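The data block below is final_1.txt; it holds compact mmCIF, C-alpha atoms.
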```txt
# COMPACT_ATOMS: atom_id res chain seq x y z
CA MET A 17 -2.40 -59.58 -23.80
CA ASP A 18 -1.25 -55.99 -24.15
CA MET A 19 0.39 -55.23 -27.49
CA ASN A 20 2.74 -52.79 -25.75
CA PHE A 21 4.99 -55.67 -24.73
CA ASP A 22 8.64 -55.68 -25.76
CA VAL A 23 8.38 -56.77 -29.40
CA LYS A 24 12.15 -57.13 -29.87
CA GLY A 25 12.44 -59.22 -26.70
CA LYS A 26 9.47 -61.35 -27.71
CA ILE A 27 10.98 -61.94 -31.17
CA GLU A 28 14.26 -63.09 -29.55
CA GLU A 29 12.35 -65.43 -27.23
CA LEU A 30 10.24 -66.94 -30.02
CA VAL A 31 13.21 -67.32 -32.40
CA ASP A 32 15.05 -69.20 -29.67
CA LYS A 33 12.09 -71.57 -29.16
CA ILE A 34 11.59 -72.09 -32.90
CA GLN A 35 15.30 -72.79 -33.56
CA LYS A 36 15.40 -75.44 -30.83
CA ASP A 37 12.34 -77.33 -32.06
CA PRO A 38 12.33 -78.66 -35.66
CA ALA A 39 8.57 -79.40 -35.49
CA LEU A 40 7.92 -75.82 -34.40
CA LEU A 41 10.12 -74.50 -37.21
CA LYS A 42 8.16 -76.55 -39.74
CA SER A 43 4.89 -75.28 -38.27
CA PHE A 44 6.16 -71.68 -38.40
CA GLN A 45 7.21 -72.10 -42.03
CA SER A 46 3.80 -73.44 -43.06
CA ASP A 47 1.62 -71.12 -40.95
CA PRO A 48 3.61 -68.40 -39.16
CA ILE A 49 0.64 -66.42 -37.80
CA LYS A 50 -1.03 -69.46 -36.22
CA THR A 51 2.30 -70.68 -34.79
CA VAL A 52 3.05 -67.29 -33.19
CA GLU A 53 -0.47 -67.16 -31.74
CA LYS A 54 0.05 -70.62 -30.25
CA LEU A 55 3.43 -69.67 -28.78
CA LEU A 56 2.06 -66.45 -27.31
CA GLY A 57 -1.11 -68.13 -26.08
CA VAL A 58 -3.28 -65.38 -27.56
CA ASP A 59 -5.59 -64.93 -30.52
CA LEU A 60 -4.85 -61.58 -32.12
CA PRO A 61 -5.71 -60.07 -35.48
CA ASP A 62 -3.14 -60.98 -38.15
CA GLU A 63 -2.05 -57.35 -38.60
CA LYS A 64 -1.06 -57.23 -34.91
CA LEU A 65 1.08 -60.34 -35.28
CA GLN A 66 2.64 -59.47 -38.63
CA PRO A 67 5.50 -57.37 -37.13
CA LEU A 68 6.44 -60.34 -34.91
CA VAL A 69 6.27 -62.77 -37.83
CA THR A 70 8.40 -60.46 -39.99
CA GLY A 71 10.97 -60.05 -37.22
CA ILE A 72 11.13 -63.79 -36.56
CA LYS A 73 11.56 -64.56 -40.27
CA ALA A 74 14.38 -62.02 -40.50
CA LYS A 75 16.17 -63.47 -37.44
CA LEU A 76 15.78 -67.04 -38.69
CA ALA A 77 17.10 -66.07 -42.12
CA ALA A 78 20.07 -64.25 -40.57
CA ALA A 79 20.84 -67.26 -38.36
CA ASP A 80 20.61 -69.57 -41.37
CA ILE A 81 22.95 -67.37 -43.41
CA GLY A 82 25.33 -67.12 -40.45
CA GLY A 83 25.39 -70.89 -40.16
CA LYS A 84 26.12 -71.30 -43.87
CA LEU A 85 28.87 -68.68 -43.74
CA GLY A 86 30.38 -70.46 -40.74
CA GLY A 87 30.40 -73.65 -42.80
CA LEU A 88 32.13 -71.85 -45.66
CA LYS A 89 34.92 -70.71 -43.36
CA ASN A 90 35.69 -74.34 -42.66
CA LEU A 91 36.37 -74.93 -46.35
CA PHE A 92 39.34 -72.57 -46.45
```
Would you mind giving the structure from this file in structure tokens?
Amino acid sequence: MDMNFDVKGKIEELVDKIQKDPALLKSFQSDPIKTVEKLLGVDLPDEKLQPLVTGIKAKLAAADIGGKLGGLKNLF
């Protein structure tokens, strides 16, 4: 696989898959590099996958915070 693919697009795609599958989310939380490799279907050096992992973690955290903030709005 060519590492010149659309990283931002790939992050969006993987975040979507991970959010829809609790088992995948658990796998990503315990071993993000291996999970991303499995989802991409490639075996790449960790340093090549780290930007994807970092981006996915950031998106998942933002989604989690957004969900909690949405829940807070319902309190008022």
- Item | Polymer residues at most 10 Å from Lys42 (chain A), all atoms listed in the file, same-chain spacing of 6 or more positions, as a PyMOL selection string | chain A and resi 34+48+51
- Enter the distance from CA of Glu28 (chain A) to CA of Thr70 (chain A), in Å, rounded to one decimal. 12.3 Å
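From CA of Gln35 (chain A) back to CA of Leu68 (chain A), the distance works out to 15.3 Å.
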- Message: Around the point (16.6, -59.6, -37.0) (coordinates from the file), which residues reach within 12 Å if we count only C-alpha atoms? Answer as a PyMOL selection string.
- Response: chain A and resi 23-28+30-31+67-81
Restrict the selected residues to C-alpha atoms and save them as a PDB file, keeping the file's coordinate frame.
```pdb
ATOM      1  CA  VAL A  23       8.380 -56.770 -29.400  1.00  0.00           C
ATOM      2  CA  LYS A  24      12.150 -57.130 -29.870  1.00  0.00           C
ATOM      3  CA  GLY A  25      12.440 -59.220 -26.700  1.00  0.00           C
ATOM      4  CA  LYS A  26       9.470 -61.350 -27.710  1.00  0.00           C
ATOM      5  CA  ILE A  27      10.980 -61.940 -31.170  1.00  0.00           C
ATOM      6  CA  GLU A  28      14.260 -63.090 -29.550  1.00  0.00           C
ATOM      7  CA  LEU A  30      10.240 -66.940 -30.020  1.00  0.00           C
ATOM      8  CA  VAL A  31      13.210 -67.320 -32.400  1.00  0.00           C
ATOM      9  CA  PRO A  67       5.500 -57.370 -37.130  1.00  0.00           C
ATOM     10  CA  LEU A  68       6.440 -60.340 -34.910  1.00  0.00           C
ATOM     11  CA  VAL A  69       6.270 -62.770 -37.830  1.00  0.00           C
ATOM     12  CA  THR A  70       8.400 -60.460 -39.990  1.00  0.00           C
ATOM     13  CA  GLY A  71      10.970 -60.050 -37.220  1.00  0.00           C
ATOM     14  CA  ILE A  72      11.130 -63.790 -36.560  1.00  0.00           C
ATOM     15  CA  LYS A  73      11.560 -64.560 -40.270  1.00  0.00           C
ATOM     16  CA  ALA A  74      14.380 -62.020 -40.500  1.00  0.00           C
ATOM     17  CA  LYS A  75      16.170 -63.470 -37.440  1.00  0.00           C
ATOM     18  CA  LEU A  76      15.780 -67.040 -38.690  1.00  0.00           C
ATOM     19  CA  ALA A  77      17.100 -66.070 -42.120  1.00  0.00           C
ATOM     20  CA  ALA A  78      20.070 -64.250 -40.570  1.00  0.00           C
ATOM     21  CA  ALA A  79      20.840 -67.260 -38.360  1.00  0.00           C
ATOM     22  CA  ASP A  80      20.610 -69.570 -41.370  1.00  0.00           C
ATOM     23  CA  ILE A  81      22.950 -67.370 -43.410  1.00  0.00           C
TER      24      ILE A  81
END
```
- Message: Every residue with an atom at most 9 Å from (-1.5, -60.8, -32.2) (file coordinates; all atoms listed in the file) is what I'm after, so could you write them as a PyMOL selection string?
- Response: chain A and resi 17+19+49+52-53+56+58-66+68
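In this structure, CA of Glu29 (chain A) sits 18.6 Å away from CA of Gly82 (chain A).
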Model the absent atoms of region 51-62 of chain A so that all heavy atoms are present, and write the result as a PDB file, in the coordinates of the input.
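The resulting file, result-v2.pdb, is reproduced below:
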```pdb
ATOM      1  N   THR A  51       1.237 -70.200 -35.674  1.00  0.00           N
ATOM      2  CA  THR A  51       2.300 -70.680 -34.790  1.00  0.00           C
ATOM      3  C   THR A  51       2.639 -69.624 -33.738  1.00  0.00           C
ATOM      4  O   THR A  51       2.790 -69.951 -32.551  1.00  0.00           O
ATOM      5  CB  THR A  51       3.555 -71.047 -35.609  1.00  0.00           C
ATOM      6  OG1 THR A  51       3.195 -72.016 -36.590  1.00  0.00           O
ATOM      7  CG2 THR A  51       4.653 -71.607 -34.718  1.00  0.00           C
ATOM      8  N   VAL A  52       2.744 -68.371 -34.133  1.00  0.00           N
ATOM      9  CA  VAL A  52       3.050 -67.290 -33.190  1.00  0.00           C
ATOM     10  C   VAL A  52       1.911 -67.141 -32.182  1.00  0.00           C
ATOM     11  O   VAL A  52       2.151 -66.990 -30.988  1.00  0.00           O
ATOM     12  CB  VAL A  52       3.341 -65.962 -33.923  1.00  0.00           C
ATOM     13  CG1 VAL A  52       3.399 -64.793 -32.961  1.00  0.00           C
ATOM     14  CG2 VAL A  52       4.654 -66.070 -34.690  1.00  0.00           C
ATOM     15  N   GLU A  53       0.678 -67.229 -32.660  1.00  0.00           N
ATOM     16  CA  GLU A  53      -0.470 -67.160 -31.740  1.00  0.00           C
ATOM     17  C   GLU A  53      -0.382 -68.270 -30.698  1.00  0.00           C
ATOM     18  O   GLU A  53      -0.598 -68.043 -29.511  1.00  0.00           O
ATOM     19  CB  GLU A  53      -1.793 -67.306 -32.513  1.00  0.00           C
ATOM     20  CG  GLU A  53      -2.231 -66.050 -33.196  1.00  0.00           C
ATOM     21  CD  GLU A  53      -3.559 -66.204 -33.930  1.00  0.00           C
ATOM     22  OE1 GLU A  53      -3.951 -67.334 -34.283  1.00  0.00           O
ATOM     23  OE2 GLU A  53      -4.200 -65.183 -34.147  1.00  0.00           O
ATOM     24  N   LYS A  54      -0.049 -69.479 -31.157  1.00  0.00           N
ATOM     25  CA  LYS A  54       0.050 -70.620 -30.250  1.00  0.00           C
ATOM     26  C   LYS A  54       1.164 -70.393 -29.226  1.00  0.00           C
ATOM     27  O   LYS A  54       0.987 -70.640 -28.035  1.00  0.00           O
ATOM     28  CB  LYS A  54       0.301 -71.903 -31.054  1.00  0.00           C
ATOM     29  CG  LYS A  54       0.210 -73.168 -30.237  1.00  0.00           C
ATOM     30  CD  LYS A  54       0.348 -74.389 -31.103  1.00  0.00           C
ATOM     31  CE  LYS A  54       1.813 -74.767 -31.128  1.00  0.00           C
ATOM     32  NZ  LYS A  54       2.135 -75.959 -31.871  1.00  0.00           N
ATOM     33  N   LEU A  55       2.297 -69.905 -29.686  1.00  0.00           N
ATOM     34  CA  LEU A  55       3.430 -69.670 -28.780  1.00  0.00           C
ATOM     35  C   LEU A  55       3.126 -68.574 -27.764  1.00  0.00           C
ATOM     36  O   LEU A  55       3.554 -68.646 -26.617  1.00  0.00           O
ATOM     37  CB  LEU A  55       4.678 -69.301 -29.578  1.00  0.00           C
ATOM     38  CG  LEU A  55       5.341 -70.447 -30.332  1.00  0.00           C
ATOM     39  CD1 LEU A  55       6.413 -69.911 -31.272  1.00  0.00           C
ATOM     40  CD2 LEU A  55       5.938 -71.452 -29.370  1.00  0.00           C
ATOM     41  N   LEU A  56       2.399 -67.554 -28.200  1.00  0.00           N
ATOM     42  CA  LEU A  56       2.060 -66.450 -27.310  1.00  0.00           C
ATOM     43  C   LEU A  56       0.870 -66.793 -26.409  1.00  0.00           C
ATOM     44  O   LEU A  56       0.669 -66.167 -25.374  1.00  0.00           O
ATOM     45  CB  LEU A  56       1.725 -65.191 -28.107  1.00  0.00           C
ATOM     46  CG  LEU A  56       2.871 -64.552 -28.892  1.00  0.00           C
ATOM     47  CD1 LEU A  56       2.348 -63.375 -29.709  1.00  0.00           C
ATOM     48  CD2 LEU A  56       3.976 -64.085 -27.956  1.00  0.00           C
ATOM     49  N   GLY A  57       0.067 -67.761 -26.843  1.00  0.00           N
ATOM     50  CA  GLY A  57      -1.110 -68.130 -26.080  1.00  0.00           C
ATOM     51  C   GLY A  57      -2.232 -67.116 -26.211  1.00  0.00           C
ATOM     52  O   GLY A  57      -3.058 -66.982 -25.310  1.00  0.00           O
ATOM     53  N   VAL A  58      -2.240 -66.376 -27.327  1.00  0.00           N
ATOM     54  CA  VAL A  58      -3.280 -65.380 -27.560  1.00  0.00           C
ATOM     55  C   VAL A  58      -3.788 -65.472 -28.990  1.00  0.00           C
ATOM     56  O   VAL A  58      -3.089 -65.943 -29.880  1.00  0.00           O
ATOM     57  CB  VAL A  58      -2.772 -63.928 -27.319  1.00  0.00           C
ATOM     58  CG1 VAL A  58      -2.431 -63.715 -25.864  1.00  0.00           C
ATOM     59  CG2 VAL A  58      -1.605 -63.597 -28.200  1.00  0.00           C
ATOM     60  N   ASP A  59      -5.004 -64.994 -29.185  1.00  0.00           N
ATOM     61  CA  ASP A  59      -5.590 -64.930 -30.520  1.00  0.00           C
ATOM     62  C   ASP A  59      -5.718 -63.454 -30.868  1.00  0.00           C
ATOM     63  O   ASP A  59      -6.562 -62.756 -30.311  1.00  0.00           O
ATOM     64  CB  ASP A  59      -6.959 -65.632 -30.519  1.00  0.00           C
ATOM     65  CG  ASP A  59      -7.561 -65.690 -31.910  1.00  0.00           C
ATOM     66  OD1 ASP A  59      -6.840 -65.447 -32.888  1.00  0.00           O
ATOM     67  OD2 ASP A  59      -8.767 -65.988 -32.013  1.00  0.00           O
ATOM     68  N   LEU A  60      -4.849 -62.990 -31.735  1.00  0.00           N
ATOM     69  CA  LEU A  60      -4.850 -61.580 -32.120  1.00  0.00           C
ATOM     70  C   LEU A  60      -5.089 -61.452 -33.612  1.00  0.00           C
ATOM     71  O   LEU A  60      -4.827 -62.386 -34.367  1.00  0.00           O
ATOM     72  CB  LEU A  60      -3.487 -60.943 -31.781  1.00  0.00           C
ATOM     73  CG  LEU A  60      -3.145 -60.831 -30.305  1.00  0.00           C
ATOM     74  CD1 LEU A  60      -1.685 -60.457 -30.136  1.00  0.00           C
ATOM     75  CD2 LEU A  60      -4.022 -59.796 -29.632  1.00  0.00           C
ATOM     76  N   PRO A  61      -5.556 -60.285 -34.044  1.00  0.00           N
ATOM     77  CA  PRO A  61      -5.710 -60.070 -35.480  1.00  0.00           C
ATOM     78  C   PRO A  61      -4.347 -60.213 -36.186  1.00  0.00           C
ATOM     79  O   PRO A  61      -3.315 -59.854 -35.624  1.00  0.00           O
ATOM     80  CB  PRO A  61      -6.202 -58.626 -35.589  1.00  0.00           C
ATOM     81  CG  PRO A  61      -6.731 -58.286 -34.238  1.00  0.00           C
ATOM     82  CD  PRO A  61      -5.974 -59.138 -33.263  1.00  0.00           C
ATOM     83  N   ASP A  62      -4.370 -60.736 -37.403  1.00  0.00           N
ATOM     84  CA  ASP A  62      -3.140 -60.980 -38.150  1.00  0.00           C
ATOM     85  C   ASP A  62      -2.246 -59.747 -38.244  1.00  0.00           C
ATOM     86  O   ASP A  62      -1.034 -59.838 -38.117  1.00  0.00           O
ATOM     87  CB  ASP A  62      -3.455 -61.485 -39.566  1.00  0.00           C
ATOM     88  CG  ASP A  62      -4.007 -62.901 -39.556  1.00  0.00           C
ATOM     89  OD1 ASP A  62      -4.215 -63.456 -38.452  1.00  0.00           O
ATOM     90  OD2 ASP A  62      -4.238 -63.443 -40.645  1.00  0.00           O
TER      91      ASP A  62
END
```
